[in-house]
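Heads up, model_26.txt below (compact mmCIF, C-alpha atoms):
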# COMPACT_ATOMS: atom_id res chain seq x y z
CA MET A 1 63.32 12.01 139.61
CA TYR A 2 64.93 9.24 137.59
CA ASP A 3 68.37 9.83 139.10
CA THR A 4 67.06 9.82 142.69
CA GLY A 5 65.01 6.66 142.17
CA LEU A 6 67.89 4.84 140.46
CA ARG A 7 70.29 5.67 143.31
CA ILE A 8 67.79 4.42 145.91
CA LEU A 9 67.29 1.15 144.04
CA PHE A 10 71.02 0.58 143.56
CA SER A 11 71.82 1.27 147.22
CA THR A 12 68.99 -1.03 148.36
CA PHE A 13 69.17 -3.94 145.90
CA TYR A 14 72.19 -3.36 143.65
CA SER A 15 70.61 -5.69 141.10
CA ASN A 16 69.44 -5.78 137.51
CA GLN A 17 65.95 -6.79 138.57
CA ALA A 18 65.51 -3.63 140.66
CA VAL A 19 66.51 -1.41 137.72
CA VAL A 20 64.17 -3.25 135.33
CA CYS A 21 61.24 -2.98 137.76
CA PHE A 22 61.93 0.72 138.20
CA PHE A 23 61.95 1.40 134.47
CA GLY A 24 58.93 -0.86 133.95
CA ALA A 25 56.93 1.18 136.43
CA ILE A 26 57.80 4.36 134.56
CA LEU A 27 56.72 2.92 131.22
CA TRP A 28 53.59 1.37 132.66
CA ASN A 29 52.34 4.73 133.86
CA ASN A 30 53.66 6.87 131.04
CA LYS A 31 53.87 6.46 127.30
CA ARG A 32 56.01 9.49 126.57
CA GLN A 33 58.70 9.18 123.93
CA GLU A 34 61.20 11.02 126.14
CA ASP A 35 60.80 8.27 128.77
CA LEU A 36 61.58 5.58 126.22
CA THR A 37 64.61 7.48 124.91
CA PHE A 38 65.95 8.06 128.41
CA ILE A 39 65.57 4.38 129.37
CA LYS A 40 67.24 3.11 126.18
CA THR A 41 70.20 5.44 126.78
CA THR A 42 70.47 4.37 130.42
CA PHE A 43 70.35 0.67 129.50
CA GLN A 44 73.19 1.23 127.05
CA TYR A 45 75.24 3.05 129.68
CA LEU A 46 74.62 0.43 132.37
CA LYS A 47 75.02 -2.52 129.95
CA LEU A 48 72.00 -4.49 131.14
CA GLU A 49 71.50 -8.05 129.91
CA TYR A 50 67.71 -8.13 129.68
CA HIS A 51 65.45 -8.69 126.74
CA LEU A 52 62.76 -6.41 128.14
CA HIS A 53 59.41 -6.44 126.37
CA LEU A 54 56.64 -4.31 127.82
CA SER A 55 53.20 -3.63 126.34
CA LYS A 56 50.02 -1.89 127.41
CA ASN A 57 46.59 -2.31 125.84
CA GLY A 58 48.17 -4.25 122.97
CA GLN A 59 50.69 -1.52 122.24
CA ASN A 60 54.41 -2.38 122.38
CA LEU A 61 56.18 0.06 124.65
CA PHE A 62 59.67 -1.37 124.94
CA ASN A 63 61.61 -4.21 123.28
CA TYR A 64 65.33 -3.99 123.96
CA SER A 65 68.36 -6.06 125.00
CA LEU A 66 72.12 -5.62 125.43
CA SER A 67 75.03 -7.98 125.93
CA THR A 68 76.67 -7.70 129.34
CA VAL A 69 75.50 -7.99 132.91
CA LEU A 70 75.19 -5.35 135.60
CA PRO A 71 76.96 -5.09 137.94
CA THR A 72 80.06 -5.75 135.83
CA ASP A 73 83.23 -6.88 137.62
CA LEU A 74 86.17 -5.17 135.99
CA ALA A 75 88.92 -7.50 134.82
CA PRO A 76 91.89 -7.26 137.22
CA THR A 77 94.88 -5.36 135.88
CA ALA A 78 98.38 -6.83 135.65
CA ALA A 79 99.44 -4.75 138.69
CA VAL A 80 96.56 -6.13 140.78
CA LYS A 81 97.46 -9.69 139.77
CA PHE A 82 101.17 -9.08 140.47
CA PHE A 83 100.76 -7.73 144.01
CA GLY A 84 97.72 -9.89 144.73
CA ALA A 85 99.69 -13.06 143.94
CA GLY A 86 102.60 -12.02 146.18
CA THR A 87 100.31 -11.13 149.09
CA ALA A 88 98.26 -14.32 148.76
CA ALA A 89 101.43 -16.44 148.58
CA CYS A 90 102.80 -14.84 151.77
CA ILE A 91 99.55 -15.63 153.60
CA ALA A 92 99.70 -19.22 152.33
CA ASP A 93 103.34 -19.51 153.44
CA LEU A 94 102.57 -18.26 156.95
CA ILE A 95 99.96 -20.99 157.35
CA THR A 96 101.81 -23.91 155.72
CA PHE A 97 105.47 -23.17 156.57
CA PRO A 98 105.86 -25.94 159.22
CA LEU A 99 104.86 -28.52 156.59
CA ASP A 100 107.47 -27.11 154.22
CA THR A 101 110.15 -27.32 156.92
CA ALA A 102 109.19 -30.93 157.66
CA LYS A 103 109.41 -31.71 153.95
CA VAL A 104 112.95 -30.28 153.74
CA ARG A 105 114.11 -32.28 156.78
CA LEU A 106 112.73 -35.51 155.31
CA GLN A 107 114.24 -34.76 151.90
CA ILE A 108 117.79 -34.27 153.24
CA GLN A 109 117.54 -37.25 155.60
CA GLY A 110 119.88 -40.02 154.44
CA GLU A 111 122.74 -37.74 153.35
CA SER A 112 124.58 -38.24 156.65
CA LYS A 113 125.58 -41.63 158.07
CA SER A 114 126.64 -42.81 161.52
CA SER A 115 130.22 -43.80 162.39
CA GLU A 116 129.24 -47.42 161.68
CA GLY A 117 128.27 -46.46 158.16
CA LYS A 118 124.55 -46.90 158.75
CA MET A 119 121.97 -44.44 157.50
CA VAL A 120 120.74 -42.12 160.24
CA VAL A 121 116.94 -42.08 160.41
CA LYS A 122 115.83 -39.30 162.73
CA TYR A 123 112.50 -38.27 161.25
CA ARG A 124 109.55 -40.54 160.47
CA GLY A 125 106.51 -39.16 158.70
CA VAL A 126 105.12 -35.64 158.55
CA PHE A 127 103.75 -35.30 162.05
CA GLY A 128 106.57 -37.41 163.52
CA THR A 129 109.06 -34.95 162.02
CA ILE A 130 107.16 -31.96 163.38
CA ASN A 131 106.88 -33.61 166.81
CA THR A 132 110.62 -34.46 166.88
CA MET A 133 111.57 -30.91 165.90
CA VAL A 134 109.34 -29.37 168.58
CA LYS A 135 110.75 -31.71 171.26
CA THR A 136 114.43 -31.36 170.38
CA GLU A 137 114.61 -27.82 168.96
CA GLY A 138 111.51 -26.02 170.15
CA PRO A 139 108.40 -24.79 168.29
CA ARG A 140 110.29 -21.90 166.67
CA SER A 141 112.34 -24.38 164.64
CA LEU A 142 109.26 -25.04 162.49
CA TYR A 143 109.57 -21.47 161.23
CA ASN A 144 113.30 -21.48 160.49
CA GLY A 145 113.84 -19.37 157.37
CA LEU A 146 110.39 -17.74 157.48
CA VAL A 147 111.76 -14.26 156.70
CA ALA A 148 113.57 -15.53 153.61
CA GLY A 149 110.46 -17.55 152.74
CA LEU A 150 108.26 -14.45 152.78
CA GLN A 151 110.86 -12.53 150.77
CA ARG A 152 110.85 -15.39 148.30
CA GLN A 153 107.07 -15.48 147.94
CA MET A 154 106.70 -11.73 147.54
CA SER A 155 109.16 -11.73 144.65
CA PHE A 156 108.75 -15.28 143.33
CA ALA A 157 104.96 -15.76 143.37
CA SER A 158 104.34 -12.23 142.11
CA VAL A 159 106.21 -13.08 138.91
CA ARG A 160 105.22 -16.71 138.30
CA ILE A 161 101.52 -16.37 139.20
CA GLY A 162 100.83 -12.66 138.77
CA LEU A 163 102.25 -12.51 135.25
CA TYR A 164 100.83 -15.86 134.07
CA ASP A 165 97.70 -14.41 132.43
CA SER A 166 99.73 -11.64 130.75
CA MET A 167 102.21 -14.19 129.39
CA LYS A 168 99.36 -16.41 128.23
CA GLN A 169 97.91 -13.48 126.27
CA PHE A 170 101.38 -12.81 124.85
CA TYR A 171 101.61 -16.33 123.45
CA THR A 172 98.04 -16.22 122.10
CA ARG A 173 98.64 -12.71 120.67
CA GLY A 174 95.95 -11.11 122.78
CA THR A 175 93.14 -13.60 122.15
CA ASP A 176 91.17 -15.31 124.94
CA ASN A 177 91.29 -18.76 123.32
CA ALA A 178 94.40 -20.22 124.92
CA GLY A 179 95.25 -23.82 124.05
CA ILE A 180 97.21 -26.23 126.24
CA GLY A 181 100.44 -25.34 124.41
CA SER A 182 100.09 -21.61 125.13
CA ARG A 183 99.29 -22.30 128.78
CA LEU A 184 102.32 -24.58 129.17
CA MET A 185 104.60 -22.03 127.51
CA ALA A 186 103.26 -19.28 129.77
CA GLY A 187 103.78 -21.45 132.86
CA CYS A 188 107.34 -22.39 131.88
CA THR A 189 108.24 -18.78 131.07
CA THR A 190 106.97 -17.19 134.28
CA GLY A 191 108.38 -20.05 136.36
CA ALA A 192 111.86 -19.60 134.87
CA MET A 193 111.69 -15.79 135.20
CA ALA A 194 110.69 -16.08 138.86
CA VAL A 195 113.57 -18.44 139.72
CA ALA A 196 116.16 -16.26 137.99
CA PHE A 197 114.92 -13.31 140.03
CA ALA A 198 114.28 -14.90 143.44
CA GLN A 199 116.83 -17.75 143.67
CA PRO A 200 118.95 -16.23 146.51
CA THR A 201 115.89 -16.10 148.79
CA ASP A 202 115.20 -19.77 148.08
CA VAL A 203 118.79 -20.80 148.86
CA VAL A 204 118.71 -18.98 152.22
CA LYS A 205 115.27 -20.37 153.09
CA VAL A 206 116.32 -23.98 152.47
CA ARG A 207 119.56 -23.55 154.45
CA PHE A 208 117.68 -22.23 157.47
CA GLN A 209 115.07 -24.97 157.28
CA ALA A 210 117.79 -27.63 157.15
CA GLN A 211 119.71 -26.04 160.04
CA VAL A 212 119.29 -28.15 163.18
CA ARG A 213 119.20 -26.19 166.43
CA GLY A 214 119.94 -27.42 169.92
CA ALA A 215 120.74 -31.07 169.12
CA GLU A 216 123.90 -32.65 170.44
CA GLY A 217 126.73 -32.35 167.99
CA GLU A 218 124.49 -30.57 165.53
CA GLY A 219 123.76 -27.35 167.33
CA VAL A 220 126.24 -25.12 165.48
CA LYS A 221 124.34 -22.40 163.67
CA ARG A 222 125.48 -21.77 160.13
CA TYR A 223 124.01 -18.25 160.05
CA SER A 224 122.92 -15.82 162.75
CA GLY A 225 120.18 -14.21 160.67
CA THR A 226 118.73 -13.77 157.21
CA MET A 227 120.95 -10.90 156.10
CA ASP A 228 124.00 -12.64 157.62
CA ALA A 229 123.15 -15.68 155.49
CA TYR A 230 123.14 -13.62 152.29
CA ARG A 231 126.48 -12.00 153.23
CA THR A 232 128.13 -15.24 154.39
CA ILE A 233 127.13 -17.21 151.30
CA ALA A 234 128.31 -14.42 149.00
CA ARG A 235 131.63 -14.15 150.91
CA THR A 236 132.44 -17.87 151.25
CA GLU A 237 130.91 -19.26 148.06
CA GLY A 238 130.90 -16.20 145.82
CA ILE A 239 127.90 -14.51 144.22
CA ARG A 240 127.28 -17.74 142.32
CA GLY A 241 126.61 -19.40 145.67
CA LEU A 242 123.42 -17.37 146.01
CA TRP A 243 122.24 -18.85 142.73
CA LYS A 244 123.32 -22.38 143.66
CA GLY A 245 120.89 -24.95 142.30
CA CYS A 246 119.41 -22.43 139.88
CA GLY A 247 119.39 -25.04 137.08
CA PRO A 248 117.39 -27.70 138.92
CA ASN A 249 115.25 -25.00 140.48
CA ILE A 250 114.34 -23.61 137.06
CA THR A 251 113.51 -27.15 135.93
CA ARG A 252 111.53 -27.81 139.10
CA ASN A 253 109.58 -24.55 138.94
CA ALA A 254 108.89 -24.83 135.24
CA ILE A 255 107.31 -28.21 136.03
CA VAL A 256 105.56 -26.92 139.17
CA ASN A 257 104.29 -23.80 137.45
CA CYS A 258 102.94 -25.74 134.47
CA SER A 259 101.37 -28.40 136.68
CA GLU A 260 100.00 -25.94 139.21
CA LEU A 261 98.78 -23.01 137.14
CA VAL A 262 97.75 -24.90 134.00
CA THR A 263 95.90 -27.56 136.04
CA TYR A 264 94.14 -24.89 138.10
CA ASP A 265 93.34 -22.88 134.99
CA ILE A 266 91.91 -25.86 133.07
CA ILE A 267 89.94 -27.40 135.96
CA LYS A 268 88.41 -24.06 136.90
CA GLU A 269 87.53 -23.42 133.26
CA LEU A 270 85.86 -26.86 132.90
CA ILE A 271 83.91 -26.41 136.16
CA LEU A 272 82.53 -23.11 134.90
CA LYS A 273 81.99 -24.34 131.34
CA TYR A 274 79.79 -27.26 132.41
CA ASN A 275 78.05 -25.25 135.16
CA ILE A 276 79.20 -27.65 137.90
CA MET A 277 79.82 -24.65 140.17
CA THR A 278 79.83 -20.90 139.84
CA ASP A 279 82.98 -18.79 140.03
CA ASN A 280 83.10 -18.84 143.83
CA LEU A 281 85.02 -20.27 146.80
CA PRO A 282 84.03 -23.97 146.34
CA CYS A 283 85.12 -23.79 142.69
CA HIS A 284 88.47 -22.23 143.62
CA PHE A 285 88.94 -24.79 146.43
CA THR A 286 88.32 -27.78 144.14
CA ALA A 287 90.60 -26.51 141.37
CA ALA A 288 93.37 -25.61 143.83
CA PHE A 289 93.28 -28.97 145.64
CA SER A 290 93.46 -30.87 142.33
CA ALA A 291 96.34 -28.69 141.16
CA GLY A 292 98.26 -29.37 144.39
CA PHE A 293 97.91 -33.15 144.11
CA ILE A 294 98.96 -33.36 140.45
CA THR A 295 101.85 -30.95 141.01
CA THR A 296 103.24 -33.01 143.91
CA ILE A 297 103.29 -36.20 141.82
CA VAL A 298 105.01 -34.54 138.87
CA ALA A 299 107.49 -32.30 140.69
CA SER A 300 108.58 -34.32 143.73
CA PRO A 301 111.76 -35.95 142.21
CA VAL A 302 113.12 -32.64 140.97
CA ASP A 303 112.17 -30.96 144.25
CA VAL A 304 114.18 -33.47 146.31
CA VAL A 305 117.27 -33.05 144.11
CA LYS A 306 116.92 -29.27 144.28
CA THR A 307 116.69 -29.31 148.08
CA ARG A 308 119.68 -31.67 148.50
CA PHE A 309 121.86 -29.71 146.08
CA MET A 310 121.01 -26.27 147.49
CA ASN A 311 121.63 -27.41 151.08
CA SER A 312 124.93 -29.20 150.31
CA SER A 313 128.30 -27.86 151.37
CA ALA A 314 130.75 -26.68 148.72
CA GLY A 315 132.19 -29.55 146.66
CA LYS A 316 129.85 -32.27 147.92
CA TYR A 317 128.16 -32.61 144.55
CA ASN A 318 129.64 -31.62 141.20
CA SER A 319 126.24 -30.76 139.77
CA ALA A 320 122.53 -31.38 140.21
CA ILE A 321 122.83 -34.42 137.94
CA ASN A 322 125.67 -35.77 140.11
CA CYS A 323 123.43 -35.22 143.15
CA ALA A 324 120.62 -37.22 141.51
CA VAL A 325 123.00 -40.04 140.51
CA THR A 326 124.45 -40.19 144.03
CA MET A 327 120.95 -40.39 145.50
CA MET A 328 120.00 -43.21 143.17
CA ARG A 329 123.20 -45.15 143.90
CA ASN A 330 123.14 -44.74 147.70
CA GLU A 331 119.41 -44.66 148.50
CA GLY A 332 117.53 -46.05 145.52
CA PRO A 333 114.62 -44.61 143.50
CA LYS A 334 112.42 -44.15 146.58
CA ALA A 335 114.72 -41.31 147.65
CA PHE A 336 113.22 -39.13 144.93
CA TYR A 337 109.87 -39.26 146.70
CA LYS A 338 111.15 -38.63 150.20
CA GLY A 339 108.90 -36.18 151.96
CA PHE A 340 106.06 -36.89 149.52
CA MET A 341 103.30 -36.68 152.11
CA PRO A 342 104.41 -33.34 153.61
CA SER A 343 105.00 -32.12 150.05
CA PHE A 344 101.41 -33.02 149.17
CA LEU A 345 99.98 -31.65 152.42
CA ARG A 346 101.99 -28.51 151.96
CA LEU A 347 101.31 -28.03 148.24
CA GLY A 348 97.65 -28.96 148.56
CA SER A 349 97.00 -26.66 151.50
CA TRP A 350 99.28 -23.97 150.06
CA ASN A 351 97.42 -24.04 146.74
CA ILE A 352 94.04 -23.87 148.45
CA VAL A 353 94.98 -20.92 150.66
CA MET A 354 96.90 -19.12 147.92
CA PHE A 355 94.39 -19.43 145.07
CA VAL A 356 91.31 -18.77 147.22
CA THR A 357 93.02 -15.70 148.74
CA TYR A 358 94.31 -14.57 145.35
CA GLU A 359 90.86 -14.78 143.75
CA GLN A 360 89.30 -12.87 146.66
CA ILE A 361 91.98 -10.15 146.57
CA LYS A 362 91.49 -9.65 142.83
CA LYS A 363 87.72 -9.52 143.18
CA HIS A 364 87.62 -7.11 146.13
CA VAL A 365 90.33 -4.78 144.81
CA MET A 366 88.58 -4.42 141.46
CA ARG A 367 85.17 -3.94 143.08
CA ALA A 368 86.65 -1.27 145.32
CA GLN A 369 88.17 0.42 142.29
CA GLN A 370 84.85 0.17 140.48
CA SER A 371 82.96 1.74 143.39
CA TRP A 372 85.48 4.60 143.51
CA GLU A 373 85.11 5.27 139.79
CA CYS A 374 81.33 4.73 139.59
CA PRO A 375 79.89 5.53 143.06
CA ILE A 376 76.23 4.87 142.14

Give the structure from this file in structure tokens form.
Amino acid sequence: MYDTGLRILFSTFYSNQAVVCFFGAILWNNKRQEDLTFIKTTFQYLKLEYHLHLSKNGQNLFNYSLSTVLPTDLAPTAAVKFFGAGTAACIADLITFPLDTAKVRLQIQGESKSSEGKMVVKYRGVFGTINTMVKTEGPRSLYNGLVAGLQRQMSFASVRIGLYDSMKQFYTRGTDNAGIGSRLMAGCTTGAMAVAFAQPTDVVKVRFQAQVRGAEGEGVKRYSGTMDAYRTIARTEGIRGLWKGCGPNITRNAIVNCSELVTYDIIKELILKYNIMTDNLPCHFTAAFSAGFITTIVASPVDVVKTRFMNSSAGKYNSAINCAVTMMRNEGPKAFYKGFMPSFLRLGSWNIVMFVTYEQIKKHVMRAQQSWECPI
């Protein structure tokens, strides 16, 4: 009888209140010791957080409480976080890729000059850049390098985001009380690991995004496809060419990862700590938007240098530092914040889509796993 009633209540309400009412009805109508023993055992198994006190005619029937709440969401495993982060990042890239392409075009603008020695200004603003590209190169130009971009996110984001919590636990030696230092170390570590692993995909993505199609005098395609790009770079520039700009990219992604993940982590934690919101979509949206804004401010100078250096032809710059010095000398300090608005629009929207999707993937995968293991 108990098992049948419990299954009906769970399938109808799936709530603690329903279970408590069910057990209360049993105790209200019966005072048998076996009922009390059964209910105590069931509460322990289900881990109900209720201080339940029932009495009848002045006689205490039940006075019991336990620590955790039903239904309990299982903590996501490292594998779920790893693949969830890669999948969420690919979805975010699909949505925000045109903004990223516009950012790259604005960042490399100013490298080339006209025959009179004047700086060529072809793109103005985020939407002006997108509009110019659509008019002169077609809508598909906004998605130049998308294949390499998705390859990059599946490998890159999986490591830097999916392994962040595991690395944070490593630095705190398994405890849940992570300080700012442990979070920063975890962010730097996973960011550097991700770059070392996924750098070739980033090089190819940037080269495709910078490649102008269909314009007069600029219509020569550097690469016919993604795999051709990998082969051509390796053949003409050596294997090291695929890891070109790895130094500034490690610096950039250590900064981005710390700014992005640590900011998101801390803001979300504060929102939940002070009960401003619950752990739901609005909370994830707010934390992600804030993380995107702060990350753009901190990482933009390194991002511009990284883009310029990775897109440059062989021998144009001796190093990333030489690239930065050349930018400062020829274009001034404002050059380091070229493409800031598309960077912010892209990072802000990318963070929102990625983190909201990531949180939902984790939640639904673990609930599905829980329902498979405990199909009550």

Closest atom pairs, residues of stretch 209-310 of chain A within 12 Å of stretch 362-366 of chain A, only C-alpha atoms, as JSON lines:
{"residue": "A:Asp279", "atom": "CA", "partner": "A:Lys363", "partner_atom": "CA", "distance": 10.9}
{"residue": "A:Asn280", "atom": "CA", "partner": "A:Lys363", "partner_atom": "CA", "distance": 10.4}
{"residue": "A:Leu281", "atom": "CA", "partner": "A:Lys363", "partner_atom": "CA", "distance": 11.7}

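Note that atom CA of A:Gly86 and atom CA of A:Ser312 are 28.5 Å apart.
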
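Candidate residues A:Ala299, A:Met354, A:Ala79, A:Met341 were compared for distance to A:Val126, and the nearest is A:Met341, using only C-alpha atoms.
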
Which residues come within 8 Å of stretch 170-175 of chain A, counting all atoms listed in the file, excluding same-chain residues fewer than 5 positions away, as a PyMOL selection string?
chain A and resi 182+185-186

Selection from above, C-alpha atoms, as a PDB file, in the frame of the given file, can you write it?
ATOM      1  CA  SER A 182     100.090 -21.610 125.130  1.00  0.00           C
ATOM      2  CA  MET A 185     104.600 -22.030 127.510  1.00  0.00           C
ATOM      3  CA  ALA A 186     103.260 -19.280 129.770  1.00  0.00           C
TER       4      ALA A 186
END

Point-to-point distance from atom CA of A:Ala288 to atom CA of A:Leu106, Å rounded to tenths
24.6 Å

Nearest candidate to A:Ser290 (options A:Phe355, A:Phe336, A:Phe82, A:Phe309; using only C-alpha atoms):
A:Phe355

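Note that the spacing between atom CA of A:Lys244 and atom CA of A:Val195 amounts to 11.2 Å.
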
Residue nearest A:Met327 - candidates A:Leu345, A:Val147, A:Val305, A:Ala254, atoms counted: all atoms listed in the file:
A:Val305

Shell of 9 Å around A:Tyr123, only C-alpha atoms, local chain residues under 4 positions omitted, as a compact mmCIF listing (two decimals) with C-alpha atoms, in the coordinates of the input:
# COMPACT_ATOMS: atom_id res chain seq x y z
CA ALA A 102 109.19 -30.93 157.66
CA ARG A 105 114.11 -32.28 156.78
CA LEU A 106 112.73 -35.51 155.31
CA GLN A 109 117.54 -37.25 155.60
CA GLY A 128 106.57 -37.41 163.52
CA THR A 129 109.06 -34.95 162.02
CA ILE A 130 107.16 -31.96 163.38
CA THR A 132 110.62 -34.46 166.88
CA MET A 133 111.57 -30.91 165.90

Under the rule of at most 8 Å, produce a per-residue listing of stretch 147-204 of chain A near stretch 87-91 of chain A: chain, number, name, the closest pair of atoms, and the distance in Å, as JSON lines, using all atoms listed in the file.
{"residue": "A:Leu150", "atom": "CA", "partner": "A:Cys90", "partner_atom": "CA", "distance": 5.6}
{"residue": "A:Gln153", "atom": "CA", "partner": "A:Ala89", "partner_atom": "CA", "distance": 5.8}
{"residue": "A:Met154", "atom": "CA", "partner": "A:Cys90", "partner_atom": "CA", "distance": 6.5}
{"residue": "A:Ala157", "atom": "CA", "partner": "A:Ala89", "partner_atom": "CA", "distance": 6.3}

Output of the above residues as a short mmCIF file (atom, residue, chain, number, x, y, z; two decimals), in the frame of the given file, restricted to C-alpha atoms:
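For reference, result-v1.cif as written:
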data_model
loop_
_atom_site.label_atom_id
_atom_site.label_comp_id
_atom_site.auth_asym_id
_atom_site.auth_seq_id
_atom_site.Cartn_x
_atom_site.Cartn_y
_atom_site.Cartn_z
CA LEU A 150 108.26 -14.45 152.78
CA GLN A 153 107.07 -15.48 147.94
CA MET A 154 106.70 -11.73 147.54
CA ALA A 157 104.96 -15.76 143.37
#

Using all atoms listed in the file and a cutoff of 7 Å, can you tell me which residues are near (94.5, -31.0, 137.2) in the file's coordinates, and write them out as a PDB file with C-alpha atoms, in the frame of the given file?
ATOM      1  CA  THR A 263      95.900 -27.560 136.040  1.00  0.00           C
ATOM      2  CA  TYR A 264      94.140 -24.890 138.100  1.00  0.00           C
ATOM      3  CA  ILE A 267      89.940 -27.400 135.960  1.00  0.00           C
ATOM      4  CA  SER A 290      93.460 -30.870 142.330  1.00  0.00           C
ATOM      5  CA  ALA A 291      96.340 -28.690 141.160  1.00  0.00           C
ATOM      6  CA  ILE A 294      98.960 -33.360 140.450  1.00  0.00           C
TER       7      ILE A 294
END

Identify, on the basis of all atoms listed in the file, every residue whose closest approach to A:Ala148 does not exceed 12 Å; exclude the query and any residue fewer than 6 positions from it along the same chain; express the result as a list in words.
Cys90, Asp93, Leu94, Phe97, Met154, Ser155, Phe156, Ala198, Gln199, Pro200, Thr201, Asp202, Val203, Val204, Lys205, Val206, Arg207, Phe208, Gln209, Gly225, Thr226, Met227, Asp228, Ala229 and Tyr230 of chain A

Build an axis-aligned box that encloses every atom of stretch 81-91 of chain A listed in the file, pad it by 4 Å on each side, and report its centre and edge lengths in Å to one decimal, as lines of an AutoDock Vina configuration file.
center_x = 100.1
center_y = -12.1
center_z = 146.7
size_x = 13.3
size_y = 16.7
size_z = 21.8

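Among the candidate residues A:Ala78, A:Gly247, A:Glu269, A:Phe83, the one lying nearest to A:Gln169 is A:Ala78, with distances computed using only C-alpha atoms.
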